[in-house]
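Beneath this line is the structure, given in structure tokens, with notes to follow.
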Amino acid sequence: MSKKFVEDFKVAENIALNSSNFLIKLVSPKKLPDIKPGQFVNIEVKNSDEIFLRRPFSIFEIDYQKNTLSLIIKILGRGSKKLTELKAGDTVNLVYPLGKSFTIPQSDDRILLIGGGSGVAPMLFLAKESGLNRENVDILLGARSREDHVDASEYSKYGNLHFTTEDGSFGEKGFVIHHSVFQQINSYSKVYTCGPDAMMRAVAKTAKDEDIFCEVSLENLMACGFGVCLCCIEPTQKGNLCVCTEGPVFNIKELKW
Amino acid sequence: MSKKFVEDFKVAENIALNSSNFLIKLVSPKKLPDIKPGQFVNIEVKNSDEIFLRRPFSIFEIDYQKNTLSLIIKILGRGSKKLTELKAGDTVNLVYPLGKSFTIPQSDDRILLIGGGSGVAPMLFLAKESGLNRENVDILLGARSREDHVDASEYSKYGNLHFTTEDGSFGEKGFVIHHSVFQQINSYSKVYTCGPDAMMRAVAKTAKDEDIFCEVSLENLMACGFGVCLCCIEPTQKGNLCVCTEGPVFNIKELKW
Amino acid sequence: MVDLNVKIHDLELKNPVMTASGTSGFAEELTDFYDVGQLGAVLLKGTTLKNRDGNPYPRMAETASGMLNAVGLQNKGIDYFIENIYPRIKEYNTPLIVNVNGSTVEEYIEVTEKVNELDKIPAIELNISCPNVKEGGMSFGISCPSAEAVTREVRRVYDKTLIVKLSPNVTDITEIAKAVEGQGADSVSLVNTFLGMAIDSEKRIPLLSTVTGGLSGPAIKPIALRMVWQVYNAVKIPVIGMGGIMNAADAIEFLLAGATAVQVGTAIFKDPFIPVKIITGIEEYLTRHKMQSVNELIGCLQM
Amino acid sequence: MVDLNVKIHDLELKNPVMTASGTSGFAEELTDFYDVGQLGAVLLKGTTLKNRDGNPYPRMAETASGMLNAVGLQNKGIDYFIENIYPRIKEYNTPLIVNVNGSTVEEYIEVTEKVNELDKIPAIELNISCPNVKEGGMSFGISCPSAEAVTREVRRVYDKTLIVKLSPNVTDITEIAKAVEGQGADSVSLVNTFLGMAIDSEKRIPLLSTVTGGLSGPAIKPIALRMVWQVYNAVKIPVIGMGGIMNAADAIEFLLAGATAVQVGTAIFKDPFIPVKIITGIEEYLTRHKMQSVNELIGCLQM
Ligand SMILES: Cc1cc2nc3c(=O)[nH]c(=O)nc-3n(C[C@H](O)[C@H](O)[C@H](O)COP(=O)(O)OP(=O)(O)OC[C@H]3O[C@@H](n4cnc5c(N)ncnc54)[C@H](O)[C@@H]3O)c2cc1C
Ligand SMILES: Cc1cc2nc3c(=O)[nH]c(=O)nc-3n(C[C@H](O)[C@H](O)[C@H](O)COP(=O)(O)OP(=O)(O)OC[C@H]3O[C@@H](n4cnc5c(N)ncnc54)[C@H](O)[C@@H]3O)c2cc1C
Ligand SMILES: Cc1cc2nc3c(=O)[nH]c(=O)nc-3n(C[C@H](O)[C@H](O)[C@H](O)COP(=O)(O)O)c2cc1C
Ligand SMILES: Cc1cc2nc3c(=O)[nH]c(=O)nc-3n(C[C@H](O)[C@H](O)[C@H](O)COP(=O)(O)O)c2cc1C
Ligand code: FES
Ligand code: FES
């Protein structure tokens with residue numbers, strides 16, 4: 001167990017990355033606690049007569065100097081929609097930091113980070129925090145089409161960026177598992193992935209077959225986010241575990257995938 | 001029964017009249033129907049997780065050229081508070097026009113209009129629409145203190161304005177029934193009142209004793225506003241009547257006061 | 001064009017969306033907004049044998065996603081209805097259903113006999129579930145023997161479609177449903193309101209004159225939906241579902257759970273057009289999902 | 001300084017605000033946010049004799065002003081609790097109450113006997129109202145004979161404060177309350193969740209793996225409050241009230257209706273600090289209303 005907080009943040013900026021993804025930067029009046037890639041926040045959706053519970057989002061970026069924390073929010077339903085309407089100056093309430101982080105690579109690791117959809121956020125965060133030289137980091141991002149990709153160019157300083165699109169409009173055509181770097185999965189000591197379930201399962205299957213260390217970050221329906229409701233379970237080798245406290249990051253060996 | 005509408009209006013302006021009263025001017029994209037003093041709207045309070053039902057407010061001003069309709073909203077609880085936070089350009093949804101109006105005076109009437117609190121709105125509307133010469137219209141407005149009065153000076157063209165305050169800071173000191181014009185209640189052929197229950201009952205008592213025509217506008221808890229729920233009843237000589245359709249304006253002779 | 005017709009026993013409805021009793025007056029009030037001929041049916045205000053003043057003010061309290069009411073069946077009695085209201089409304093182009101109430105079985109029978117004579121009333125809804133009256137009402141609807149007794153006696157005197165409206169304030173609603181089905185009910189409608197209470201914490205008084213009242217609105221939808229699903233699986237007669245329906249998606253959920261038709265109640269207070277919007281919404285849903293008829297939804301929850 | 005102390009039989013609480021079972025883990029999770037020593041008591045996660053995996057995912061659905069859950073008593077069993085969890089939490093400066101569950105009377109007895117041995121557990125809450133398990137659970141709590149039987153047998157083996165948690169899914173909750181009072185319950189707590197259901201209208205599937213689940217949150221508050229008031233007027237033992245409490249005003253409503261203490265459940269998911277804020281809020285209320293003790297509120301609804 002580790003210290004968690006319920007805190008009001010102010011929206012510093014809210015930028016539309018494309019038609020459905022928004023980058024929301026939040027600033028805390030207090031010093032931020034230590035936060036690691038893979039951890040998430042549970043955010044209150046105010047002023048809605050439809051939404052009762054908070055919504056979980058992975059932490060994308062942290063600036064300990066400015067005490068800012070950023071999220072990438074993809075519009076899925078009513079809550080995410082409402083959050084993307086936040087304006088600079090608005091107040092939002094977070095329960096954070098929640099969940100376990102990815103295993104931080106060791107200095108001799110070569111890693112492959114595979115992100116899709118809103119799963120891009122923790123992958124880029126991990127790239128930045130990996131502590132590795134950029135040549136040992138490959139970042140593979142998949143999306144349906146060019147306009148569904150968020151601009152990740154800034155992250156090229158932390159790793160080599162690779163892209164796929166289903167329609168071939170950007171990067172290689174196909175799904176992430178069809179990309180040339182994925183074909184060389186054996187050249188990595190650690191593979192990390194976050195994104196749509198189907199994508200993660202495909203990645204995990206190959207990693208398992210090839211016996212490569214692989215961590216996935218699960219997205220699950222959550223009520224509390226800090227381990228008291230037992231709603232967010234994933235069946236694992238050790239029984240049903242809470243994704244919010246025992247995850248969201250799991251080594252694929254723990255899962256029943 | 002008469003034609004009623006459910007319509008989106010845009011907020012044209014929202015002006016703080018004093019610390020607790022706001023003048024909200026709404027503009028309709030359509031031509032306004034005919035609206036009479038005493039009628040009201042039932043307004044939706046959006047983006048609140050606490051408020052389920054609409055809130056009723058008397059219509060204060062109408063401009064058929066500009067298709068605007070104004071309300072005076074006093075902060076009482078959660079819904080009225082939320083409404084006073086509306087900004088120009090916001091959309092609000094109204095069910096309107098609801099209820100029966102005051103009896104429009106005849107040309108030989110001398111009338112006294114007594115308003116308190118948010119009851120000022122329909123009184124000023126009635127002054128304007130009375131069709132009488134200003135010398136035959138006395139408007140008596142009561143409030144706790146100077147700062148609780150709204151600025152009604154514009155209405156001096158429709159009638160003689162008189163004021164009371166409980167602390168004597170403006171107009172005559174005391175309640176409306178203590179005011180010198182009220183002492184001359186016998187000189188009026190019709191008395192109209194809208195405001196706090198205690199005030200209206202005090203006015204009604206004197207009017208009844210003196211056998212003067214008197215109409216009051218009741219404020220009652222309403223669910224629908226158009227006569228289907230039967231929640232808003234007032235016990236009358238004819239049994240329980242709906243305030244929203246048989247009122248809000250009642251002749252005091254109908255009531256059991 | 002999709003087919004929205006449904007059948008409740010002998011009653012053919014142009015669509016499955018009715019307005020609920022006590023929330024749509026005598027239909028006339030709705031005609032101030034639109035042509036009620038669009039509606040599947042209108043359930044008229046609860047009617048008793050004699051005039052009833054109802055309960056004292058205050059009769060309502062707002063609650064989280066819902067409201068409490070304690071109207072207590074205020075109405076002028078069946079004779080007044082027949083003489084004064086029925087002639088005004090009988091030509092509306094939608095089935096009008098009288099919601100029949102009583103404090104004794106005899107009263108239910110007397111009201112029903114009078115309604116049986118009215119050409120333009122093709123069905124009654126027997127309300128054995130009103131929580132807001134001291135005698136009769138809900139007390140009939142919370143035990144099988146009394147629910148059976150009133151249904152049996154009313155069935156004897158009534159030839160047209162007999163709908164029995166069930167109370168949700170019971171341990172097992174399927175037992176009551178089966179009991180009234182056994183006595184000849186042609187359909188059951190559910191749910192009526194849940195017995196609830198609200199308090200003004202500052203003044204330390206109940207918010208309703210009667211202390212307790214009936215809870216309605218979206219708050220109750222999950223429980224109502226569960227009951228409709230349970231009853232659908234327990235009886236053979238058509239089920240009419242209601243409780244917190246605010247939009248087409250809500251209505252479709254009730255249809256999927258097994259309701260042949262739905263009633264819209266409290267939503268009307270928020271916006272009288274909601275029943276009409278729901279009809280359009282169901283139509284759009286069927287088109288979008290390439291279905292021909294609303295009957296393809298009824299009871300078609302995939303398990 | 002106002003006095004917030006209340007007593008549930010032998011159990012002295014520093015204030016009347018507890019956290020509800022299944023919504024506050026084993027108290028440890030709350031210590032990540034604050035010192036649980038501030039709370040009146042913590043009701044621990046529902047515990048059974050043996051390990052239970054609970055129900056499959058998905059286990060929750062959001063509803064209007066509430067949520068459905070279908071957790072199904074996932075827990076590692078009482079022995080695991082005693083060996084691994086109890087030692088970690090027993091020194092918390094607040095009464096820890098075990099929520100005891102079983103599929104048979106024997107299981108309830110066995111769990112209780114084991115808990116009876118634990119020095120730092122001053123009370124148990126007998127859960128005869130869980131709607132999310134196939135055997136046992138709610139089935140014990142919806143009929144007087146079974147509620148009596150399990151209470152009687154557990155009472156025989158338990159010396160400390162015995163609270164029985166009642167199901168709201170009944171026709172008359174006062175009968176069940178009186179039945180368990182008659183068998184020696186020291187207190188009743190109510191309400192557990194209402195059996196409800198939610199459907200995805202687009203996919204036409206139930207939102208919960210178990211189809212039905214338990215409804216909690218502000219949506220149910222009016223019904224819960226009514227039940228607390230009814231039970232308070234029917235029994236002599238102290239009543240613990242819950243159901244949708246989100247703030248101090250809500251908690252005070254339950255106290256006024258007759259609850260000696262309250263439990264906060266689903267609100268914790270929105271903000272784990274809510275129970276603490278409620279304690280402060282009650283304190284402020286008493287000061288503002290010039291009351292000396294919270295006991296001046298209990299059952300003091302003015303009629
Ligand atoms: C640990 C964690 C980290 C996450 N990180 C991010 C992130 O960085 N960026 C981002 O955009 N999203 C992220 N998500 C997903 C995000 O929480 C959901 O998109 C959001 O809660 C949807 O809320 P809504 O109100 O918009 O959708 P709703 O209106 O509640 O639901 C719309 C539809 O989506 C389904 N749905 C909603 N949430 C989930 C879920 N968590 N899993 C599966 N189906 C769901 C619903 O069942 C429904 O069918 C994360 C989720 C978790 C658990
Ligand atoms: C026909 C009619 C015309 C009205 N005209 C105006 C107007 O022009 N300007 C104006 O400011 N207000 C007017 N009101 C009153 C206005 O409707 C209420 O102030 C408003 O609904 C309160 O909502 P709220 O959410 O702020 O209060 P809530 O938070 O709902 O309630 C706060 C407290 O006030 C009490 N309360 C709320 N509404 C009423 C009521 N109608 N009668 C008695 N007690 C009540 C509640 O019981 C509660 O104790 C009118 C009411 C009616 C029926
Ligand atoms: C103000 C009000 C009055 C009602 N009166 C009646 C009635 O007279 N007869 C009846 O059978 N049901 C009555 N009901 C219950 C509704 O018909 C309906 O069963 C219930 O409100 C649940 O549906 P809803 O959530 O859509 O409102 C009334 C409900 C409300 C809110
Ligand atoms: C996710 C969840 C799990 C629960 N688990 C239990 C449990 O194990 N034992 C129990 O007696 N009640 C359990 N409950 C019921 C709560 O303790 C409480 O009775 C109910 O939620 C109503 O209160 P609320 O509206 O404040 O949540 C659970 C409730 C929820 C929401
Ligand atoms: S969301 Fe509550 S335990 Fe994970
Ligand atoms: S508010 Fe519904 S009848 Fe008047």
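Ordering of the structure tokens sets the chain letters (A, B, ...), residue numbers begin anew at 1 in every chain, and ligands are numbered from 1 in the order given.
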
Wanna dump the chain C-ligand 2 contacts at 12 Å for me, each residue with its shortest atom pair and the distance in Å to one decimal, counting only C-alpha atoms and all ligand atoms, ordered by chain and number, as JSON lines?
{"residue": "C:Tyr57", "atom": "CA", "partner": "ligand 2", "partner_atom_place_in_ligand_line": "43 (C)", "distance": 10.7}
{"residue": "C:Pro58", "atom": "CA", "partner": "ligand 2", "partner_atom_place_in_ligand_line": "47 (O)", "distance": 9.2}
{"residue": "C:Arg59", "atom": "CA", "partner": "ligand 2", "partner_atom_place_in_ligand_line": "47 (O)", "distance": 11.3}
{"residue": "C:Met60", "atom": "CA", "partner": "ligand 2", "partner_atom_place_in_ligand_line": "47 (O)", "distance": 9.7}
{"residue": "C:Ala61", "atom": "CA", "partner": "ligand 2", "partner_atom_place_in_ligand_line": "47 (O)", "distance": 7.9}
{"residue": "C:Glu62", "atom": "CA", "partner": "ligand 2", "partner_atom_place_in_ligand_line": "30 (O)", "distance": 7.5}
{"residue": "C:Thr63", "atom": "CA", "partner": "ligand 2", "partner_atom_place_in_ligand_line": "30 (O)", "distance": 10.0}
{"residue": "C:Ala64", "atom": "CA", "partner": "ligand 2", "partner_atom_place_in_ligand_line": "30 (O)", "distance": 11.9}
{"residue": "C:Met67", "atom": "CA", "partner": "ligand 2", "partner_atom_place_in_ligand_line": "30 (O)", "distance": 11.8}
{"residue": "C:Ala198", "atom": "CA", "partner": "ligand 2", "partner_atom_place_in_ligand_line": "47 (O)", "distance": 11.2}
{"residue": "C:Ile199", "atom": "CA", "partner": "ligand 2", "partner_atom_place_in_ligand_line": "49 (O)", "distance": 10.3}
{"residue": "C:Asp200", "atom": "CA", "partner": "ligand 2", "partner_atom_place_in_ligand_line": "49 (O)", "distance": 7.2}
{"residue": "C:Ser201", "atom": "CA", "partner": "ligand 2", "partner_atom_place_in_ligand_line": "49 (O)", "distance": 9.7}
{"residue": "C:Glu202", "atom": "CA", "partner": "ligand 2", "partner_atom_place_in_ligand_line": "49 (O)", "distance": 8.7}
{"residue": "C:Lys203", "atom": "CA", "partner": "ligand 2", "partner_atom_place_in_ligand_line": "49 (O)", "distance": 8.6}
{"residue": "C:Arg204", "atom": "CA", "partner": "ligand 2", "partner_atom_place_in_ligand_line": "49 (O)", "distance": 11.2}
{"residue": "C:Ile205", "atom": "CA", "partner": "ligand 2", "partner_atom_place_in_ligand_line": "49 (O)", "distance": 10.7}
{"residue": "C:Pro206", "atom": "CA", "partner": "ligand 2", "partner_atom_place_in_ligand_line": "47 (O)", "distance": 10.8}
{"residue": "C:Leu207", "atom": "CA", "partner": "ligand 2", "partner_atom_place_in_ligand_line": "47 (O)", "distance": 7.7}
{"residue": "C:Leu208", "atom": "CA", "partner": "ligand 2", "partner_atom_place_in_ligand_line": "47 (O)", "distance": 10.2}

May I have the residues from that selection written out with N, CA, C and O atoms, as a short mmCIF file (atom, residue, chain, number, x, y, z; two decimals), in the first residue's frame?
data_model
loop_
_atom_site.label_atom_id
_atom_site.label_comp_id
_atom_site.auth_asym_id
_atom_site.auth_seq_id
_atom_site.Cartn_x
_atom_site.Cartn_y
_atom_site.Cartn_z
N TYR C 57 -50.95 19.11 0.98
CA TYR C 57 -49.67 19.66 0.52
C TYR C 57 -48.69 19.62 1.69
O TYR C 57 -49.12 19.80 2.81
N PRO C 58 -47.40 19.43 1.51
CA PRO C 58 -46.68 19.11 0.28
C PRO C 58 -46.79 17.65 -0.14
O PRO C 58 -46.75 16.76 0.67
N ARG C 59 -46.89 17.49 -1.44
CA ARG C 59 -47.11 16.17 -2.04
C ARG C 59 -45.94 15.67 -2.86
O ARG C 59 -46.04 14.63 -3.50
N MET C 60 -44.88 16.42 -2.93
CA MET C 60 -43.75 15.91 -3.72
C MET C 60 -42.43 16.35 -3.12
O MET C 60 -42.36 17.32 -2.38
N ALA C 61 -41.41 15.58 -3.41
CA ALA C 61 -40.06 15.93 -3.02
C ALA C 61 -39.13 15.41 -4.08
O ALA C 61 -39.30 14.28 -4.55
N GLU C 62 -38.18 16.24 -4.44
CA GLU C 62 -37.19 15.81 -5.42
C GLU C 62 -36.16 14.93 -4.71
O GLU C 62 -35.79 15.20 -3.58
N THR C 63 -35.72 13.88 -5.39
CA THR C 63 -34.67 13.03 -4.82
C THR C 63 -33.61 12.81 -5.90
O THR C 63 -33.77 13.28 -7.02
N ALA C 64 -32.54 12.10 -5.56
CA ALA C 64 -31.48 11.86 -6.54
C ALA C 64 -32.06 11.10 -7.73
O ALA C 64 -32.56 9.99 -7.58
N MET C 67 -38.14 11.33 -7.91
CA MET C 67 -39.00 12.15 -7.06
C MET C 67 -39.92 11.25 -6.25
O MET C 67 -40.21 10.12 -6.64
N ALA C 198 -38.53 11.21 2.48
CA ALA C 198 -37.49 12.25 2.42
C ALA C 198 -37.65 13.17 3.62
O ALA C 198 -38.76 13.41 4.10
N ILE C 199 -36.53 13.68 4.07
CA ILE C 199 -36.49 14.48 5.30
C ILE C 199 -35.75 15.78 5.04
O ILE C 199 -34.77 15.80 4.30
N ASP C 200 -36.24 16.86 5.61
CA ASP C 200 -35.51 18.12 5.59
C ASP C 200 -34.60 18.12 6.80
O ASP C 200 -35.07 18.28 7.93
N SER C 201 -33.29 17.94 6.57
CA SER C 201 -32.39 17.77 7.71
C SER C 201 -32.29 19.04 8.54
O SER C 201 -32.08 18.98 9.75
N GLU C 202 -32.44 20.19 7.93
CA GLU C 202 -32.34 21.44 8.69
C GLU C 202 -33.57 21.66 9.57
O GLU C 202 -33.46 22.03 10.73
N LYS C 203 -34.75 21.44 8.97
CA LYS C 203 -35.98 21.67 9.75
C LYS C 203 -36.38 20.43 10.55
O LYS C 203 -37.29 20.48 11.37
N ARG C 204 -35.76 19.31 10.27
CA ARG C 204 -36.03 18.04 10.96
C ARG C 204 -37.48 17.59 10.81
O ARG C 204 -38.08 17.08 11.75
N ILE C 205 -38.02 17.80 9.63
CA ILE C 205 -39.38 17.36 9.34
C ILE C 205 -39.40 16.53 8.06
O ILE C 205 -38.51 16.67 7.22
N PRO C 206 -40.43 15.69 7.92
CA PRO C 206 -40.57 14.96 6.65
C PRO C 206 -40.92 15.96 5.54
O PRO C 206 -41.58 16.96 5.81
N LEU C 207 -40.49 15.68 4.33
CA LEU C 207 -40.79 16.61 3.23
C LEU C 207 -42.18 16.39 2.66
O LEU C 207 -42.70 17.25 1.95
N LEU C 208 -42.79 15.24 2.95
CA LEU C 208 -44.15 14.99 2.46
C LEU C 208 -45.13 15.05 3.63
O LEU C 208 -44.80 14.60 4.74
#

- Taking the backbone alone, and naming residues the way the document does, which bits of range 105-263 of chain C are helix (DSSP H, G or I) by DSSP, as an NGL selection string? :C and (105-116 or 137-140 or 144-157 or 173-182 or 218-232 or 248-257)

- Task: For chain A, report every residue with an atom at most 9 Å from chain B (counting only C-alpha atoms), formatted as a PyMOL selection string.
- Result: chain A and resi 46-52

For chain B, which residues have at least one atom within 12 Å of chain C, if we go by only C-alpha atoms? Write them as a short mmCIF file (atom, residue, chain, number, x, y, z; two decimals) with C-alpha atoms, in the first residue's frame, please.
data_model
loop_
_atom_site.label_atom_id
_atom_site.label_comp_id
_atom_site.auth_asym_id
_atom_site.auth_seq_id
_atom_site.Cartn_x
_atom_site.Cartn_y
_atom_site.Cartn_z
CA MET B 1 -56.42 24.54 -22.14
CA SER B 2 -54.15 26.53 -24.35
CA LYS B 3 -51.19 25.82 -26.55
CA LYS B 4 -47.92 25.32 -24.67
CA PHE B 5 -44.39 24.84 -25.90
CA VAL B 6 -41.13 23.16 -24.98
CA GLU B 7 -38.47 25.36 -26.49
CA ASP B 8 -34.75 26.07 -26.32
CA ASN B 42 -40.80 25.88 -16.08
CA ILE B 43 -37.10 25.89 -16.73
CA GLU B 44 -34.68 23.01 -17.01
CA VAL B 45 -31.57 23.13 -14.85
CA LYS B 46 -28.87 21.45 -16.89
CA SER B 48 -26.39 19.26 -12.35
CA ASP B 49 -26.17 15.89 -10.68
CA GLU B 50 -28.49 17.09 -7.93
CA ILE B 51 -31.43 18.51 -9.81
CA PHE B 52 -33.97 16.31 -11.44
CA LEU B 53 -37.04 18.47 -12.02
CA ARG B 54 -37.57 21.83 -13.68
CA ARG B 55 -37.98 25.04 -11.66
CA PRO B 56 -40.89 27.48 -12.14
CA ARG B 78 -29.44 24.64 -5.63
CA GLY B 79 -31.49 25.08 -8.79
CA ASN B 93 -35.04 24.84 -22.18
CA LEU B 94 -38.44 26.22 -21.17
CA VAL B 95 -41.90 24.76 -20.90
CA TYR B 96 -44.18 27.75 -21.40
CA PRO B 97 -46.39 29.75 -21.16
CA LEU B 98 -47.92 28.21 -18.06
CA ASN B 220 -45.87 26.15 -4.79
CA LEU B 221 -43.72 23.07 -5.22
CA MET B 222 -44.32 21.87 -8.78
CA ALA B 223 -43.28 18.79 -10.66
CA CYS B 224 -44.84 19.24 -14.11
CA GLY B 225 -46.22 22.78 -14.32
CA PHE B 226 -48.98 21.87 -16.78
CA GLY B 227 -51.56 20.02 -14.73
CA VAL B 228 -50.75 16.35 -15.01
CA CYS B 229 -49.05 15.52 -11.69
CA LEU B 230 -51.44 17.07 -9.14
CA CYS B 231 -48.56 17.88 -6.81
CA CYS B 232 -49.04 21.66 -6.67
CA ILE B 233 -52.42 21.85 -4.98
CA GLU B 234 -53.98 24.65 -2.95
CA PRO B 235 -57.09 23.92 -0.89
CA THR B 236 -59.84 26.21 -2.23
CA LYS B 238 -63.85 24.27 -4.85
CA GLY B 239 -61.56 21.66 -3.30
CA ASN B 240 -57.90 21.09 -4.05
CA LEU B 241 -56.94 22.99 -7.18
CA CYS B 242 -53.70 22.85 -9.16
CA VAL B 243 -51.72 26.02 -8.75
CA CYS B 244 -50.03 25.46 -12.10
CA THR B 245 -53.19 25.39 -14.21
#

- Item | Distance-based interface of chain C with chain D, 7 Å, counting only C-alpha atoms, as a list in words | Ala64, Ser65, Ile142, Asn169, Val170, Thr171, Leu195, Gly196, Met197, Ala198, Ile199, Ser201, Arg204, Ile205, Thr212, Pro218, Ala219, Pro222, Ile223, Leu225, Arg226, Ala249, Ile252, Glu253, Leu301, Gln302 and Met303 of chain C

Could those residues be written to a file, using N, CA and C atoms, as a tab-separated table (two decimals), in the first residue's frame?
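Now in again_17.tsv:
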chain	number	residue	atom	x	y	z
C	64	ALA	N	-32.54	12.10	-5.56
C	64	ALA	CA	-31.48	11.86	-6.54
C	64	ALA	C	-32.06	11.10	-7.73
C	65	SER	N	-32.01	11.68	-8.92
C	65	SER	CA	-32.53	11.07	-10.15
C	65	SER	C	-33.95	10.55	-10.00
C	142	ILE	N	-49.78	-6.48	-2.45
C	142	ILE	CA	-48.58	-7.05	-1.83
C	142	ILE	C	-48.80	-8.43	-1.23
C	169	ASN	N	-43.16	-3.22	-4.22
C	169	ASN	CA	-42.80	-3.30	-2.80
C	169	ASN	C	-43.08	-4.69	-2.23
C	170	VAL	N	-42.56	-5.69	-2.90
C	170	VAL	CA	-42.81	-7.07	-2.49
C	170	VAL	C	-41.53	-7.89	-2.58
C	171	THR	N	-41.54	-9.00	-1.86
C	171	THR	CA	-40.38	-9.88	-1.85
C	171	THR	C	-40.23	-10.58	-3.21
C	195	LEU	N	-42.19	2.62	-2.17
C	195	LEU	CA	-42.46	3.40	-0.98
C	195	LEU	C	-41.14	3.99	-0.45
C	196	GLY	N	-41.11	5.32	-0.38
C	196	GLY	CA	-39.89	6.00	0.05
C	196	GLY	C	-40.21	7.16	0.97
C	197	MET	N	-39.19	7.91	1.34
C	197	MET	CA	-39.34	8.96	2.34
C	197	MET	C	-38.22	9.98	2.16
C	198	ALA	N	-38.53	11.21	2.48
C	198	ALA	CA	-37.49	12.25	2.42
C	198	ALA	C	-37.65	13.17	3.62
C	199	ILE	N	-36.53	13.68	4.07
C	199	ILE	CA	-36.49	14.48	5.30
C	199	ILE	C	-35.75	15.78	5.04
C	201	SER	N	-33.29	17.94	6.57
C	201	SER	CA	-32.39	17.77	7.71
C	201	SER	C	-32.29	19.04	8.54
C	204	ARG	N	-35.76	19.31	10.27
C	204	ARG	CA	-36.03	18.04	10.96
C	204	ARG	C	-37.48	17.59	10.81
C	205	ILE	N	-38.02	17.80	9.63
C	205	ILE	CA	-39.38	17.36	9.34
C	205	ILE	C	-39.40	16.53	8.06
C	212	THR	N	-44.38	9.23	4.11
C	212	THR	CA	-43.86	8.40	3.04
C	212	THR	C	-44.62	8.67	1.74
C	218	PRO	N	-35.67	7.81	-12.94
C	218	PRO	CA	-34.52	6.98	-13.32
C	218	PRO	C	-33.89	6.21	-12.15
C	219	ALA	N	-33.99	6.75	-10.94
C	219	ALA	CA	-33.42	6.07	-9.78
C	219	ALA	C	-33.89	4.63	-9.67
C	222	PRO	N	-33.16	0.43	-12.53
C	222	PRO	CA	-32.53	-0.90	-12.46
C	222	PRO	C	-33.40	-1.93	-11.76
C	223	ILE	N	-34.15	-1.51	-10.74
C	223	ILE	CA	-34.99	-2.46	-10.00
C	223	ILE	C	-36.21	-2.82	-10.85
C	225	LEU	N	-36.48	-2.77	-14.07
C	225	LEU	CA	-36.05	-3.59	-15.20
C	225	LEU	C	-35.87	-5.04	-14.77
C	226	ARG	N	-35.27	-5.21	-13.60
C	226	ARG	CA	-35.09	-6.57	-13.07
C	226	ARG	C	-36.45	-7.24	-12.87
C	249	ALA	N	-33.41	4.52	-25.48
C	249	ALA	CA	-32.54	3.43	-25.02
C	249	ALA	C	-33.15	2.76	-23.79
C	252	ILE	N	-36.05	0.61	-24.87
C	252	ILE	CA	-35.58	-0.60	-25.55
C	252	ILE	C	-35.07	-1.62	-24.53
C	253	GLU	N	-34.43	-1.13	-23.47
C	253	GLU	CA	-33.99	-2.05	-22.41
C	253	GLU	C	-35.18	-2.82	-21.83
C	301	LEU	N	-33.26	-10.25	-25.12
C	301	LEU	CA	-31.98	-10.06	-24.43
C	301	LEU	C	-31.12	-11.30	-24.68
C	302	GLN	N	-29.87	-11.08	-25.07
C	302	GLN	CA	-28.98	-12.21	-25.31
C	302	GLN	C	-28.21	-12.57	-24.05
C	303	MET	N	-28.29	-13.81	-23.68
C	303	MET	CA	-27.69	-14.20	-22.40
C	303	MET	C	-26.38	-14.96	-22.61

- Query: Do you know which residues are at most 10 Å from range 178-181 of chain B counting only C-alpha atoms, after dropping those on the same chain fewer than 2 positions away, and could you put them as a PyMOL selection string?
  - Reply: chain B and resi 112+138-142+162-165+171-176+183-188

- Please, which residues of range 25-213 of chain A, numbered as in this document, come out strand (DSSP E or B) from DSSP, as a PyMOL selection string? chain A and resi 25-27+40-43+55-58+61-63+68-74+91-98+100+111-116+137-143+160-165+172-173+190-194+213

- Find the residues around Ser103 in chain C up to 10 Å (only C-alpha atoms counted), leave out those fewer than 3 positions away in its own chain, and share them as a list in words.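 Near Ser103 in chain C, the qualifying residues are Thr48, Leu49, Glu106, Glu107, Tyr108, Ile128, Val133, Lys134, Glu135, Gly136, Gly137, Met138, Ser139 and Phe140 of chain C.
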
- Between CA of Asp209 in chain A and atom 7 (C, counted along the ligand's line) of ligand 1, distance in Å (one decimal):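 About the pair CA of Asp209 in chain A and atom 7 (C, counted along the ligand's line) of ligand 1: they are 28.2 Å apart.
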